[in-house]
Amino acid sequence: MATQTAAVNHNPNIPEYEHGDGNTRTFHIDSFRKEWLSRLKSSDYCYHPEDEDAFHANFAHEMGVSTDLMRELKDVCSTAALHCHPEDQQPDPEVVPDDALLKTLVERKKHQDYKSSLKIGKSRHDLYADEQARLSIGMRPEVLENLIPEGEVILTINVYYPATFEKFVYVRPHVTLLLLGSQSLTELRDAICCASDLQVSGELSNTPEMAPDFISKDHFKSAFFFFEGVFYNDMRYPECRDISETTIKWAKANNFPPYRQAKMEDTKFVDLKVKVGFPYLYCHQGDCEHVVIITDVNSQRRLPGPEAVPTLDTQAPGHGAEVRRLLHLHRQVVHHQ
């Protein structure tokens, strides 16, 4: 009886865990977006901030407090009341005093001391990510019409290094990207930077310092994504070939389930049926294969206009325990009851 009830209440448009807390069941991204919009108020995802007086009035009503008490809380909890220094002395917000008593400051001081004790500097990839963050924080399009539409979905996608040798032991993602649901798969393909695309073809021994006119990505433009039994091939250029055809013929000859084909440039992310946390495939340069994992499908975040997406997720951690936390982001699935 319980099994029958669960089957009746199951909504295929809402992702649910398939195997423990590893990955979700297959769901349609656009249908999930519509379910999400139908269950939220427009004020929950619109760009227009609520009037401050109206916000405090609604907050007082929800908390069951009087107007006078709300006014007192507003004055006491205001940021203007948090100063712990003379008005004529403006401290450095990045420096935590040694005699700090606030628990959060004590923990922050420990973290700062630990980071200063490390002798490992930031790599050029981390420095590039930091620069991207500084450029994007607070950036808004000059034209309001160029803002990301309200109710848009943001996909967080991990692209991993290709494991091409037996001693490969690292599992951290090569890059973490944020993309809009309204963008096509080709925009993800163009945002992935791999060393295989940067290889130089030809003999350059006599002119080693000369910049090459072409790289492998210019010569070999064929690539595909594999999502849920469908090969999405990049066929934007005349020289592109369907490199998934050989795999499909082999699968058919060995009694595997039939696979389908589609064009990468004609497919948007909202058109996909995927599993959050499930490994998919990106193949280019013939045999350079990357694992691709969609770790999150969420509402729009504080991002600039669509012209700046796809973008690097500069909040993505880079080393140690933070990497393990990133690799388990796919476990955080929101269930709307």
# chains A, B, ... in the order shown; residues from 1 in each chain; ligands from 1
>>> residues_around(residues="Pro212 in chain A", least_positions_apart="2", cutoff="12 Å", atoms="only C-alpha atoms", output="CSV table (one decimal) with all heavy atoms, in the first residue's frame")
chain,number,residue,atom,x,y,z
A,198,LEU,N,44.5,23.3,-27.3
A,198,LEU,CA,45.5,24.3,-27.5
A,198,LEU,C,46.8,23.7,-28.2
A,198,LEU,O,47.8,24.4,-28.3
A,198,LEU,CB,45.9,24.9,-26.2
A,198,LEU,CG,44.7,25.5,-25.4
A,198,LEU,CD1,45.2,26.0,-24.0
A,198,LEU,CD2,44.1,26.6,-26.2
A,199,GLN,N,46.7,22.4,-28.5
A,199,GLN,CA,47.9,21.8,-29.1
A,199,GLN,C,48.2,22.4,-30.5
A,199,GLN,O,47.2,22.8,-31.2
A,199,GLN,CB,47.7,20.3,-29.2
A,199,GLN,CG,47.6,19.6,-27.9
A,199,GLN,CD,47.4,18.1,-28.0
A,199,GLN,OE1,47.4,17.6,-29.1
A,199,GLN,NE2,47.2,17.4,-26.9
A,200,VAL,N,49.4,22.4,-30.9
A,200,VAL,CA,49.8,23.0,-32.2
A,200,VAL,C,50.1,21.9,-33.2
A,200,VAL,O,50.8,20.9,-32.9
A,200,VAL,CB,51.1,23.9,-32.0
A,200,VAL,CG1,51.5,24.5,-33.3
A,200,VAL,CG2,50.8,25.0,-31.0
A,201,SER,N,49.6,22.0,-34.3
A,201,SER,CA,49.8,21.1,-35.4
A,201,SER,C,50.8,21.6,-36.4
A,201,SER,O,50.8,22.8,-36.8
A,201,SER,CB,48.5,20.8,-36.1
A,201,SER,OG,47.5,20.3,-35.2
A,202,GLY,N,51.7,20.7,-36.8
A,202,GLY,CA,52.7,21.1,-37.8
A,202,GLY,C,54.1,21.2,-37.2
A,202,GLY,O,54.4,20.9,-36.0
A,203,GLU,N,55.1,21.5,-38.1
A,203,GLU,CA,56.5,21.5,-37.7
A,203,GLU,C,56.9,23.0,-37.5
A,203,GLU,O,56.9,23.8,-38.4
A,203,GLU,CB,57.3,21.0,-38.9
A,203,GLU,CG,58.8,21.0,-38.7
A,203,GLU,CD,59.3,20.3,-37.4
A,203,GLU,OE1,58.8,19.2,-37.2
A,203,GLU,OE2,60.1,20.9,-36.7
A,204,LEU,N,57.3,23.2,-36.2
A,204,LEU,CA,57.7,24.6,-35.8
A,204,LEU,C,59.1,24.6,-35.2
A,204,LEU,O,59.5,25.5,-34.5
A,204,LEU,CB,56.7,25.1,-34.8
A,204,LEU,CG,55.3,25.2,-35.2
A,204,LEU,CD1,54.4,25.7,-34.1
A,204,LEU,CD2,55.1,26.2,-36.4
A,205,SER,N,59.9,23.6,-35.5
A,205,SER,CA,61.3,23.6,-35.0
A,205,SER,C,62.2,24.7,-35.4
A,205,SER,O,63.0,25.2,-34.6
A,205,SER,CB,62.0,22.2,-35.4
A,205,SER,OG,61.2,21.1,-34.9
A,207,THR,N,61.1,27.7,-36.2
A,207,THR,CA,60.6,29.0,-35.7
A,207,THR,C,59.8,28.8,-34.3
A,207,THR,O,58.6,28.9,-34.3
A,207,THR,CB,59.6,29.6,-36.7
A,207,THR,OG1,58.6,28.7,-37.0
A,207,THR,CG2,60.3,30.0,-37.9
A,208,PRO,N,60.6,28.4,-33.3
A,208,PRO,CA,59.9,28.0,-32.0
A,208,PRO,C,59.2,29.1,-31.3
A,208,PRO,O,58.3,28.9,-30.5
A,208,PRO,CB,61.0,27.4,-31.2
A,208,PRO,CG,62.2,28.0,-31.7
A,208,PRO,CD,62.0,28.2,-33.2
A,209,GLU,N,59.7,30.4,-31.6
A,209,GLU,CA,59.1,31.5,-30.9
A,209,GLU,C,58.0,32.2,-31.6
A,209,GLU,O,57.4,33.1,-31.1
A,209,GLU,CB,60.2,32.6,-30.6
A,209,GLU,CG,61.3,32.0,-29.7
A,209,GLU,CD,62.4,33.1,-29.5
A,209,GLU,OE1,62.3,34.2,-30.1
A,209,GLU,OE2,63.3,32.8,-28.7
A,210,MET,N,57.7,31.7,-32.8
A,210,MET,CA,56.6,32.3,-33.6
A,210,MET,C,55.2,31.8,-33.1
A,210,MET,O,55.1,30.5,-32.9
A,210,MET,CB,56.8,32.0,-35.1
A,210,MET,CG,55.7,32.6,-36.0
A,210,MET,SD,56.0,32.2,-37.7
A,210,MET,CE,57.5,33.1,-38.0
A,214,PHE,N,47.3,28.5,-36.2
A,214,PHE,CA,46.1,27.6,-35.9
A,214,PHE,C,46.5,26.7,-34.8
A,214,PHE,O,47.6,26.3,-34.6
A,214,PHE,CB,45.7,26.8,-37.1
A,214,PHE,CG,45.3,27.6,-38.3
A,214,PHE,CD1,46.2,27.8,-39.4
A,214,PHE,CD2,44.1,28.2,-38.4
A,214,PHE,CE1,45.9,28.6,-40.5
A,214,PHE,CE2,43.7,29.0,-39.5
A,214,PHE,CZ,44.6,29.2,-40.5
A,215,ILE,N,45.5,26.3,-34.0
A,215,ILE,CA,45.6,25.3,-33.0
A,215,ILE,C,44.6,24.2,-33.2
A,215,ILE,O,43.8,24.3,-34.2
A,215,ILE,CB,45.4,25.9,-31.6
A,215,ILE,CG1,44.0,26.6,-31.5
A,215,ILE,CG2,46.5,26.9,-31.2
A,215,ILE,CD1,43.7,27.1,-30.1
A,216,SER,N,44.7,23.2,-32.4
A,216,SER,CA,43.9,22.0,-32.7
A,216,SER,C,42.4,22.3,-32.7
A,216,SER,O,41.6,21.7,-33.5
A,216,SER,CB,44.2,20.9,-31.7
A,216,SER,OG,45.5,20.4,-31.8
A,218,ASP,N,41.0,24.8,-33.9
A,218,ASP,CA,40.6,25.4,-35.2
A,218,ASP,C,40.5,24.4,-36.3
A,218,ASP,O,39.8,24.5,-37.2
A,218,ASP,CB,41.7,26.5,-35.6
A,218,ASP,CG,41.8,27.6,-34.6
A,218,ASP,OD1,40.7,28.0,-34.0
A,218,ASP,OD2,42.9,28.1,-34.4
>>> residues_around(residues="range 66-73 of chain A", least_positions_apart="6", cutoff="9 Å", atoms="only C-alpha atoms", output="number ranges by chain")
A: 56-57, 59-60
>>> write_last_selection(atoms="N, CA and C atoms", output="PDB file, in the first residue's frame")
ATOM      1  N   HIS A  56       9.344  46.158   7.080  1.00  0.00           N
ATOM      2  CA  HIS A  56       9.319  46.142   8.541  1.00  0.00           C
ATOM      3  C   HIS A  56       7.906  45.913   9.070  1.00  0.00           C
ATOM      4  N   ALA A  57       6.907  46.463   8.363  1.00  0.00           N
ATOM      5  CA  ALA A  57       5.528  46.245   8.785  1.00  0.00           C
ATOM      6  C   ALA A  57       5.134  44.769   8.647  1.00  0.00           C
ATOM      7  N   PHE A  59       7.223  42.240   8.593  1.00  0.00           N
ATOM      8  CA  PHE A  59       8.024  41.472   9.546  1.00  0.00           C
ATOM      9  C   PHE A  59       7.426  41.540  10.946  1.00  0.00           C
ATOM     10  N   ALA A  60       6.988  42.744  11.359  1.00  0.00           N
ATOM     11  CA  ALA A  60       6.366  42.894  12.678  1.00  0.00           C
ATOM     12  C   ALA A  60       5.086  42.081  12.774  1.00  0.00           C
TER      13      ALA A  60
END
>>> select_by_dssp(residues="range 131-268 of chain A", states="strand (DSSP E)", output="JSON, numbers by chain")
{"A": [153, 154, 155, 156, 157, 158, 159, 160, 173, 174, 175, 176, 177, 178, 179, 180, 223, 224, 225, 226, 227, 230, 231, 232, 233, 260, 261, 262, 263]}
>>> select_by_dssp(residues="range 51-282 of chain A", states="alpha helix (DSSP H)", output="ChimeraX atom specification")
/A:52-63,67-76,103-117,124-136,185-191,216-219,245-253
>>> atom_distance(atom1="CA of His284 in chain A", atom2="CA of Glu239 in chain A")
13.8 Å
>>> residues_around(residues="range 27-42 of chain A", least_positions_apart="4", cutoff="7 Å", atoms="only C-alpha atoms", output="JSON, numbers by chain")
{"A": [12, 13, 14, 15, 46, 151, 153, 270, 271, 272, 273, 274, 275]}
>>> write_last_selection(atoms="all heavy atoms", output="compact mmCIF listing (two decimals), in the first residue's frame")
# COMPACT_ATOMS: atom_id res chain seq x y z
N PRO A 12 7.04 13.56 -11.62
CA PRO A 12 8.28 13.42 -12.40
C PRO A 12 8.98 14.74 -12.66
O PRO A 12 10.15 14.75 -13.06
CB PRO A 12 7.79 12.78 -13.71
CG PRO A 12 6.35 13.17 -13.80
CD PRO A 12 5.84 13.21 -12.40
N ASN A 13 8.29 15.86 -12.46
CA ASN A 13 8.91 17.16 -12.70
C ASN A 13 9.71 17.66 -11.51
O ASN A 13 10.38 18.70 -11.62
CB ASN A 13 7.83 18.20 -13.05
CG ASN A 13 7.11 17.86 -14.34
OD1 ASN A 13 7.68 17.25 -15.24
ND2 ASN A 13 5.85 18.23 -14.43
N ILE A 14 9.64 16.98 -10.38
CA ILE A 14 10.37 17.37 -9.17
C ILE A 14 11.46 16.33 -8.93
O ILE A 14 11.16 15.14 -8.79
CB ILE A 14 9.44 17.47 -7.96
CG1 ILE A 14 8.37 18.54 -8.20
CG2 ILE A 14 10.23 17.80 -6.69
CD1 ILE A 14 7.38 18.69 -7.08
N PRO A 15 12.72 16.72 -8.91
CA PRO A 15 13.80 15.75 -8.74
C PRO A 15 13.77 15.08 -7.39
O PRO A 15 13.62 15.72 -6.36
CB PRO A 15 15.07 16.59 -8.93
CG PRO A 15 14.66 17.99 -8.62
CD PRO A 15 13.23 18.10 -9.05
N CYS A 46 11.61 38.20 -7.92
CA CYS A 46 11.68 39.40 -8.74
C CYS A 46 12.87 40.25 -8.32
O CYS A 46 13.41 40.11 -7.23
CB CYS A 46 10.38 40.20 -8.65
SG CYS A 46 10.10 40.97 -7.04
N GLY A 151 12.84 34.63 -13.00
CA GLY A 151 12.41 33.25 -13.11
C GLY A 151 13.33 32.38 -13.93
O GLY A 151 13.02 31.20 -14.14
N VAL A 153 16.54 30.01 -14.71
CA VAL A 153 17.25 29.02 -13.91
C VAL A 153 18.74 29.09 -14.21
O VAL A 153 19.14 29.40 -15.33
CB VAL A 153 16.73 27.59 -14.15
CG1 VAL A 153 15.33 27.43 -13.62
CG2 VAL A 153 16.81 27.23 -15.62
N VAL A 270 17.14 24.03 -20.98
CA VAL A 270 15.78 23.80 -20.49
C VAL A 270 15.11 22.67 -21.25
O VAL A 270 14.09 22.13 -20.80
CB VAL A 270 14.94 25.08 -20.60
CG1 VAL A 270 15.41 26.12 -19.61
CG2 VAL A 270 14.96 25.64 -22.03
N ASP A 271 15.66 22.28 -22.40
CA ASP A 271 15.09 21.18 -23.19
C ASP A 271 15.56 19.81 -22.71
O ASP A 271 15.01 18.79 -23.13
CB ASP A 271 15.45 21.34 -24.67
CG ASP A 271 14.96 22.65 -25.25
OD1 ASP A 271 13.90 23.13 -24.80
OD2 ASP A 271 15.64 23.21 -26.14
N LEU A 272 16.56 19.79 -21.85
CA LEU A 272 17.18 18.53 -21.46
C LEU A 272 16.39 17.81 -20.37
O LEU A 272 15.72 18.42 -19.54
CB LEU A 272 18.60 18.77 -20.95
CG LEU A 272 19.63 19.34 -21.93
CD1 LEU A 272 20.96 19.53 -21.22
CD2 LEU A 272 19.80 18.42 -23.13
N LYS A 273 16.51 16.49 -20.40
CA LYS A 273 16.12 15.64 -19.28
C LYS A 273 17.40 15.07 -18.68
O LYS A 273 18.14 14.36 -19.36
CB LYS A 273 15.20 14.51 -19.74
CG LYS A 273 13.80 14.95 -20.13
CD LYS A 273 12.91 13.76 -20.44
CE LYS A 273 11.49 14.21 -20.75
NZ LYS A 273 10.60 13.04 -21.02
N VAL A 274 17.67 15.41 -17.43
CA VAL A 274 18.94 15.07 -16.81
C VAL A 274 18.73 14.60 -15.38
O VAL A 274 17.63 14.65 -14.84
CB VAL A 274 19.90 16.29 -16.81
CG1 VAL A 274 20.25 16.71 -18.22
CG2 VAL A 274 19.29 17.45 -16.04
N LYS A 275 19.84 14.15 -14.80
CA LYS A 275 19.89 13.80 -13.38
C LYS A 275 20.93 14.70 -12.72
O LYS A 275 22.06 14.79 -13.20
CB LYS A 275 20.29 12.33 -13.18
CG LYS A 275 19.36 11.31 -13.81
CD LYS A 275 19.91 9.91 -13.61
CE LYS A 275 19.01 8.87 -14.26
NZ LYS A 275 19.54 7.48 -14.09
>>> atom_distance(atom1="CA of Ile293 in chain A", atom2="CA of Ala223 in chain A")
17.2 Å
>>> closest_residue(among="A:Thr186, A:Ile248, A:Pro91, A:Cys193", to="Met235 in chain A", atoms="only C-alpha atoms")
A:Thr186
>>> residues_around(residues="Phe225 in chain A", least_positions_apart="4", cutoff="7 Å", atoms="only C-alpha atoms", output="PyMOL selection string")
chain A and resi 231-233+281-283
>>> write_last_selection(atoms="C-alpha atoms", output="compact mmCIF listing (two decimals), in the first residue's frame")
# COMPACT_ATOMS: atom_id res chain seq x y z
CA PHE A 231 24.39 12.43 -28.42
CA TYR A 232 24.35 16.19 -28.94
CA ASN A 233 26.83 16.90 -31.75
CA LEU A 281 30.22 12.84 -21.05
CA TYR A 282 31.85 15.58 -23.12
CA CYS A 283 34.10 14.36 -25.95
>>> closest_residue(among="A:Cys240, A:Leu177, A:Val106, A:Met63", to="Thr295 in chain A", atoms="only C-alpha atoms")
A:Leu177
>>> residues_around(residues="range 179-185 of chain A", least_positions_apart="4", cutoff="9 Å", atoms="only C-alpha atoms", output="list of chain:residue names")
A:Ile29, A:Asp30, A:Ile148, A:Glu152, A:Val153, A:Ile154, A:Leu155, A:Thr156, A:Ile157, A:Arg189, A:Asp190, A:Phe225, A:Tyr232, A:Asp234, A:Met264, A:Glu265, A:Asp266, A:Thr267, A:Lys268, A:Phe269, A:Val270, A:Asp271, A:Val297, A:Gln300, A:Pro306, A:Val309, A:Pro310, A:Thr311
